[in-house]
Structure formats: structure tokens, C-alpha cells
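> Structure incoming, see below.
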Amino acid sequence: MTPRERVLTVLEHEKPDRVPLDCLDIMPRLLPELKKYYNAKNKQELMLKMGIDIVTVAMDPPKGFKRINFPEPKEYWWLDSFGVTQMDEWGIKVKPTGEGEYWVFSYHPLQKAENLEELKPPNLDLPDRWNHVKLAVERYSKDYLVAGMMEATLFEHAQQLRGYKEFFKDLYVNKKFASELLDKLLEYKIKMARKFKEFGVDIIRLGDDIGMQTGMIISPAIWREFFKPRMKELIDEIKKGRNIYVYYHSDGYIEPVIPELIEIGVDILNPIQPDCMDPVKIKKLYGDVLTLHGTISVQETLPFGTTENVRNTVIERIEKLGKDGGLILAPSHVIGSEVPVNNVITLYETAKAYKI
Amino acid sequence: MVIEMANLFQAIVNLQINEISSLVEEELRRGRDPYDIVRELREGMEEVGKKFENSEYFLADLIMAGETMKKALDALKPMLKECKAEYKGKIVIGTIWGDLHDIGKDIVITLLVSSGFEVYDLGIDVPPRVFAEEAKRTGAKVVAISALLSTSIPTISKVVEELRKIGIRDKVKIIAGGAALRREYANWLGIDAAVNDAMEGLKIIKSWFSKG
């Protein structure tokens with residue numbers, strides 16, 4: 001099977017030749033050793049040689065936007081409003097922390113705003129805006145599914161613009177402002193989704209972290225009031241006229257809203273963080289309609305597990321979650337600097353070798 | 001009186017951020033002791049903490065309660081300055097170097113302040129040396145370190161080294177908190193406690209102060 005056939009097979013809940021694989025990102029410290037092991041020239045090639053079956057791409061920033069100086073930025077993975085530039089087009093600023101591997105939002109342009117007059121969404125029609133998306137589709141879509149990155153869709157993006165405490169307050173006592181801000185973001189995201197569709201992506205990656213380790217960040221009631229209807233509108237637009245798969249990411253515990261995510265059209269749920277939710281339970285409850293993406297802990301298994309732990313976990317996940325499709329195996333988040341390189345290799349090589 | 005007492009308590013529990021200042025001012029106008037008002041507000045925060053622990057309240061509710069409390073304390077400030085503040089103890093807190101997550105830290109600060117502790121917040125991405133220096137400067141008995149990323153956990157042990165360097169390791173208790181932490185990491189890191197639950201952290205800190 002090609003990676004494309006493999007992923008399409010599991011999305012249709014049928015048995016693949018092996019479990020499909022994915023990876024959000026790998027921290028720079030691990031790259032030299034991994035590239036050497038896989039004989040890869042750059043991160044993109046490394047990911048493909050590790051066996052990932054989906055190519056993810058984001059729109060390009062405009063010329064002149066300065067990227068934070070990562071040792072090796074991802075060729076195709078510029079994340080809109082995700083902080084990879086020091087100041088993005090909305091005016092959200094970030095600064096690197098520690099050794100520069102992570103960054104913090106340091107300025108929220110709407111923090112003190114009383115209305116949205118000043119808010120000007122970026123121009124999605126700039127000439128070079130979609131170069132990498134076009135290139136990724138041309139180069140990879142014969143063999144791979146190409147996914148368009150639109151994570152930090154509404155809730156997180158609103159927090160980045162407003163500051164999280166301020167936006168939380170809006171949700172309780174300044175509902176008009178919260179609704180207007182979310183409507184503006186929705187309008188912009190709908191335009192962005194249409195562009196991704198136009199250029200031929202197969203999956204759109206949506207996401208907002210609404211879960212934390214032991215519970216949800218916001219109540220299901222607030223999610224239903226502000227986010228569910230807007231997310232539905234966006235997903236309806238994505239699916240209109242073409243069969244595009246919708247992926248939704250939220251870290252943490254989000255069990256109370258999973259049925260409703262399915263109801264509004266989510267096909268793939270990531271990362272089913274195993275430290276917070278039992279992937280077997282989620283599979284049992286929703287596995288007939290939902291594809292699970294992720295499930296390998298970056299809080300326990302990858303950083304602190306032995307090679308044997310990693311191998312056993314991978315096999316257990318495939319056996320319990322992926323025998324009849326419906327599973328794309330991946331680390332539950334970015335692979336951090338503290339993860340032993342051998343555990344990364346074990347994860348991908350065990351999964352590739354394991355025949356379903 | 002009972003109804004009046006319930007007003008501020010309920011205002012905190014019901015997250016009435018827009019009404020809290022005028023409610024506090026009203027109580028002051030009636031001549032109520034500002035510290036009695038603080039006590040009632042804290043009881044409200046404790047109730048919010050319980051609801052959070054029971055999953056009845058969510059993170060956003062807890063943050064809102066903290067903001068409501070902050071507003072109430074702002075309204076009380078002019079009165080509180082006249083009296084000597086009575087705190088249960090001093091705590092230095094911050095998110096460890098390399099980690100930028102502040103929500104967990106802010107939850108703990110809200111719980112600590114509402115339990116009567118004086119909290120020195122160092123912010124996020126705090127170098128280990130700064131924790132030690134601030135502990136020395138303030139004479140805090142507890143250093144609380146927040147770390148969400150598993151990547152940043154090993155750096156926690158550097159705070160221990162820094163405290164040792166300036167000779168105050170045996171004068172402070174160190175607690176680390178964050179989603180990726182486990183109780184058993186305390187030994188490995190050379191600290192006194194490690195937790196992944198804010199309420200559990202609060203209980204441990206309270207127990208340290210009650211033991212004197």
C-alpha cells in the first residue's frame with residue numbers, strides 16, 4: 001500500500017497492511033542523531049523515512065516576517081498564528097524561552113480593546129501565500145494524503161489575540177465581545193479552508209486545546225454556547241462539495257464533548273492523550289465512526305519508558321485499537337528534547353514492522 | 001447579618017466579577033471589619049476550590065474566581081493597608097526555565113492567596129538562580145516550581161543546587177507541580193514533594209506550615 005492508500009483504508013475503518021504513522025514535530029536536539037540513523041538530509045525527508053503517512057502543510061507567511069531562529073525550521077510547516085514568527089500578521093508577539101525550543105505569547109493585540117475596529121485579518125490572497133501548499137500537493141498527493149494546518153482554530157486563536165484571562169472573562173461577562181471576535185475568526189477560517197480546498201488538500205487539521213490533564217478547561221456548556229456551532233459551520237463549509245476529512249486536535253481530557261465533535265463532522269481525533277483518557281475506552285465507544293490519531297504518551301512512554309516499554313505500548317495500541325482500521329499512530333504531541341532517540345526509532349520501527 | 005455574609009461568599013462562588021467591587025464597598029460602608037470581609041471572600045474561594053476538585057467547576061471558572069477575588073481585594077486595599085497584614089507564610093513561585101506555561105502556576109497562586117499565604121510570583125521561564133535569590137531575599141519557607149513540559153522537569157534539580165550554593169537549602173521546602181510530574185520524581189529531583197494536582201499541592205504546602 002502507498003501511504004495514501006494506507007491512511008484512506010483506516011479512515012474507512014478497514015484493515016491496512018500496517019498501522020499508518022504521523023508525527024507533529026521533533027525537537028532540534030534529536031535531529032542530528034535521527035537524521036544520521038535514517039540517512040536523511042532534512043527534517044522533511046527524515047519524517048518520511050521514519051514512516052509518516054500524512055504530509056502536513058500550512059500557508060506561507062508574507063515576505064519580511066522574521067521567523068524565530070530555530071536550528072531547522074520545517075520546510076512545509078509554517079503554522080498560521082502559531083507563533084513561528086516573532087510577530088504574526090495579527091500583531092500577536094511571541095518570544096523564545098529557555099534554549100529557544102519553546103516560545104511564549106508575549107503580546108496580545110486585543111488585550112485592552114473595547115471593540116474590534118482595529119482588528120484586521122491577514123490577506124489570504126497575497127501572491128506567494130499558498131506556494132508551499134501548492135508545492136506539497138503537487139509533490140506528495142499522488143502517494144500521500146496532504147493535510148492543511150488550521151490548528152488553534154477559534155478558542156486558542158482568540159486567547160492569543162486577547163490574552164487567556166481576558167478572553168475567559170469575555171466568555172462569562174462580555175459575551176457580545178467574545179461572540180464578535182469568534183465570528184471574525186470564523187469568517188477568516190472559512191476563507192482559509194476554502195483556499196486549502198481549492199489547492200487540493202485531503203485533510204484539514206482543526207484544533208483548540210479545550211482539555212487539561214484531569215478535566216476540561218471550559219465547561220461543556222460554554223463550549224456548546226460559543227464553539228460548537230461555529231466549529232460546525234466551519235466543518236460544513238469544509239465538507240461542502242468535496243470529501244475532505246476533518247481532523248480535530250485537543251490535548252487533555254475532552255471526553256464529555258467527543259460525541260458532539262463526531263456529530264458536527266470530526267472524522268479524526270487527536271491525540272487521545274493516554275495520560276488523560278483511556279484510548280481503549282474511546283475506541284470502544286466511538287471507534288466505529290471515529291479514527292483515533294496519536295495515543296503514544298509524550299509524558300510517560302516516550303521520555304521515560306524503556307525500549308521494551310515503547311515496543312510493548314506500540315504493539316498493544318495496534319492490537320487493541322488498530323486491527324480493523326481507525327487508528328493513525330503518533331506521539332501525543334511534539335517529541336521533546338529529553339526523549340531518548342532510541343525510543344523514537346523503536347516507536348516507528350516497531351509500528352512499521354508489525355503486520356496487522 | 002447572615003444574608004450579608006452570604007452575599008460576598010456567593011458573589012465569589014457565582015463568579016460575579018462585575019458586582020464584587022460594589023458589594024465589598026457596601027460592606028465597608030456598613031463598617032464591617034475588612035479582615036472579616038477577606039475571611040468571607042476566602043471561604044468563597046475555598047468553596048470554588050472544592051467545586052473544581054469535584055469537577056463541578058472548570059479551569060475557566062477557577063480563573064474567573066481568582067479574577068473576582070483580585071477585584072475584591074483591590075477594592076479592599078486602601079483599608080487593608082491601614083492594618084498589618086496577617087499572612088500564614090511566604091511562598092516563592094514560578095515556572096521553571098525553558099517552560100512558558102502559566103495557567104497551572106496561576107491556579108496554584110489563586111489557591112495559595114485565598115488560603116492566606118503571601119505569594120511572590122516570579123512569572124514564567126525563571127532561571128534556577130532567580131528562585132534561590134528570591135527565596136533568600138523574601139525569607140520564604142517554600143519554593144514552588146511549576147513545570148508542564150517533561151523537557152523542563154530535569155531543570156528543577158538545578159534550583160536545589162542554587163539553594164545549596166547560597167546556603168539555604170535546609171531552610172526551605174521545595175515543591176514542584178505540573179501535569180507531567182509524579183510523586184516519585186521528588187527523590188530523583190532532590191526536592192520535598194512533586195505533584196500533578198493543584199489541590200494536592202495546596203494540601204502539602206499547608207501541612208508544611210502547620211508543622212511550623
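Each chain in the C-alpha cells gets a letter, A, B, ..., in the order shown, and its residues are numbered from 1; ligands are numbered from 1 in order too.
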Taking only C-alpha atoms into account, find every residue of chain B that has an atom no more than 6 Å from chain A, and write it out as a list in words.
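My answer is Phe58, Leu59, Ala60, Trp97, Gly98, Leu100, Thr151 and Ala180 of chain B.
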> Would you list the contacts of Ile268 in chain A as a VMD selection string, taking every protein, DNA or RNA residue within 6 Å and counting only C-alpha atoms, but skipping same-chain residues closer than 2 positions in sequence?
chain A and resid 247 266 290 to 292
> Can you spit out the residues from that selection as a short mmCIF file (atom, residue, chain, number, x, y, z; two decimals), in the first residue's frame, using C-alpha atoms?

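See again.cif below for the written result:
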```cif
data_model
loop_
_atom_site.label_atom_id
_atom_site.label_comp_id
_atom_site.auth_asym_id
_atom_site.auth_seq_id
_atom_site.Cartn_x
_atom_site.Cartn_y
_atom_site.Cartn_z
CA TYR A 247 -9.09 16.19 11.97
CA VAL A 266 -14.99 15.36 13.02
CA LEU A 290 -14.03 7.97 14.65
CA THR A 291 -10.38 7.46 13.67
CA LEU A 292 -8.01 7.77 16.62
#
```
> Please provide the set of residues having any atom within 12 Å of Asp197 in chain B, restricted to only C-alpha atoms, with same-chain residues fewer than 5 positions apart removed, written as a PyMOL selection string.
(chain A and resi 212-215) or (chain B and resi 49+52-53+104-105+107-108+111+146+148+175-183+202-204)
> Tell me which protein, DNA and RNA residues are within 10 Å of range 188-202 of chain A, counting only C-alpha atoms, leaving out same-chain ones fewer than 2 positions away, and put them as number ranges by chain.
A: 4, 8, 54-59, 121-125, 130-131, 133-138, 141, 144-150, 153-154, 182-186, 204-206, 231, 233-246
> Go ahead and compute the interatomic distance for CA of Asn312 in chain A and CA of Asn270 in chain A, in Å to one decimal.
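CA of Asn270 in chain A lies at a distance of 21.0 Å from CA of Asn312 in chain A.
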> Determine which residues of range 81-209 of chain B receive a DSSP assignment of helix (DSSP H, G or I), computed from the backbone, and state them as an NGL selection string.
:B and (81-82 or 103-114 or 128-138 or 150-165 or 169-171 or 185-189 or 198-209)
> Interatomic distance between CA of Pro20 in chain A and CA of Phe155 in chain A?
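It comes out at 29.2 Å.
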> Could you give me, as a ChimeraX atom specification, the residues within 12 Å of Glu26 in chain B, counting only C-alpha atoms and dropping anything in the same chain fewer than 4 positions from it?
/B:4,7-8,19-22,30-32,34,37,72,75-76
> Could the residues in this selection be written to a file with N, CA and C atoms, as an mmCIF file, in the first residue's frame?

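Once everything was written out, this is out_35.cif:
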```cif
data_model
loop_
_atom_site.group_PDB
_atom_site.id
_atom_site.type_symbol
_atom_site.label_atom_id
_atom_site.label_comp_id
_atom_site.auth_asym_id
_atom_site.auth_seq_id
_atom_site.Cartn_x
_atom_site.Cartn_y
_atom_site.Cartn_z
ATOM 1 N N GLU B 4 -26.107 39.034 54.677
ATOM 2 C CA GLU B 4 -24.987 39.861 54.224
ATOM 3 C C GLU B 4 -23.719 39.022 54.059
ATOM 4 N N ASN B 7 -23.622 37.124 50.940
ATOM 5 C CA ASN B 7 -23.512 37.876 49.696
ATOM 6 C C ASN B 7 -22.151 37.769 49.044
ATOM 7 N N LEU B 8 -21.109 38.063 49.844
ATOM 8 C CA LEU B 8 -19.752 38.057 49.285
ATOM 9 C C LEU B 8 -19.324 36.629 48.957
ATOM 10 N N GLU B 19 -19.999 42.651 39.870
ATOM 11 C CA GLU B 19 -20.696 43.183 41.053
ATOM 12 C C GLU B 19 -19.813 43.220 42.299
ATOM 13 N N ILE B 20 -18.692 42.493 42.279
ATOM 14 C CA ILE B 20 -17.959 42.262 43.530
ATOM 15 C C ILE B 20 -17.453 43.556 44.180
ATOM 16 N N SER B 21 -16.945 44.503 43.367
ATOM 17 C CA SER B 21 -16.383 45.725 43.954
ATOM 18 C C SER B 21 -17.448 46.493 44.726
ATOM 19 N N SER B 22 -18.614 46.649 44.115
ATOM 20 C CA SER B 22 -19.644 47.430 44.809
ATOM 21 C C SER B 22 -20.148 46.683 46.038
ATOM 22 N N ARG B 30 -20.813 49.900 55.629
ATOM 23 C CA ARG B 30 -21.587 49.485 56.812
ATOM 24 C C ARG B 30 -20.691 49.293 58.027
ATOM 25 N N GLY B 31 -19.403 49.508 57.817
ATOM 26 C CA GLY B 31 -18.482 49.461 58.948
ATOM 27 C C GLY B 31 -17.944 48.069 59.266
ATOM 28 N N ARG B 32 -18.044 47.180 58.318
ATOM 29 C CA ARG B 32 -17.575 45.809 58.610
ATOM 30 C C ARG B 32 -16.045 45.767 58.593
ATOM 31 N N PRO B 34 -12.516 44.955 57.587
ATOM 32 C CA PRO B 34 -12.006 44.481 56.290
ATOM 33 C C PRO B 34 -11.471 43.050 56.344
ATOM 34 N N ILE B 37 -14.160 40.666 55.990
ATOM 35 C CA ILE B 37 -14.560 40.561 54.571
ATOM 36 C C ILE B 37 -13.615 39.610 53.841
ATOM 37 N N ALA B 72 -12.001 42.102 44.295
ATOM 38 C CA ALA B 72 -12.491 42.351 45.652
ATOM 39 C C ALA B 72 -11.360 42.875 46.525
ATOM 40 N N ALA B 75 -10.536 46.454 45.853
ATOM 41 C CA ALA B 75 -11.488 47.367 46.490
ATOM 42 C C ALA B 75 -11.189 47.509 47.988
ATOM 43 N N LEU B 76 -10.588 46.476 48.547
ATOM 44 C CA LEU B 76 -10.287 46.488 49.991
ATOM 45 C C LEU B 76 -8.939 47.117 50.318
#
```
> Considering only strand (DSSP E or B) as DSSP defines it on the backbone, what residues of range 47-190 of chain B qualify? List them as a PyMOL selection string.
chain B and resi 90-96+118-121+126+142-146+173-177
> For Ile166 in chain B, find every residue with an atom within 9 Å (counting only C-alpha atoms), except residues of its own chain fewer than 6 positions away, and show them as a list in words.
Ala132, Glu133 and Lys136 of chain B
> In Å, rounded to a single decimal, give me how far CA of Asp267 in chain A is from CA of Arg6 in chain A.
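Straight-line distance from CA of Arg6 in chain A to CA of Asp267 in chain A works out to 15.8 Å.
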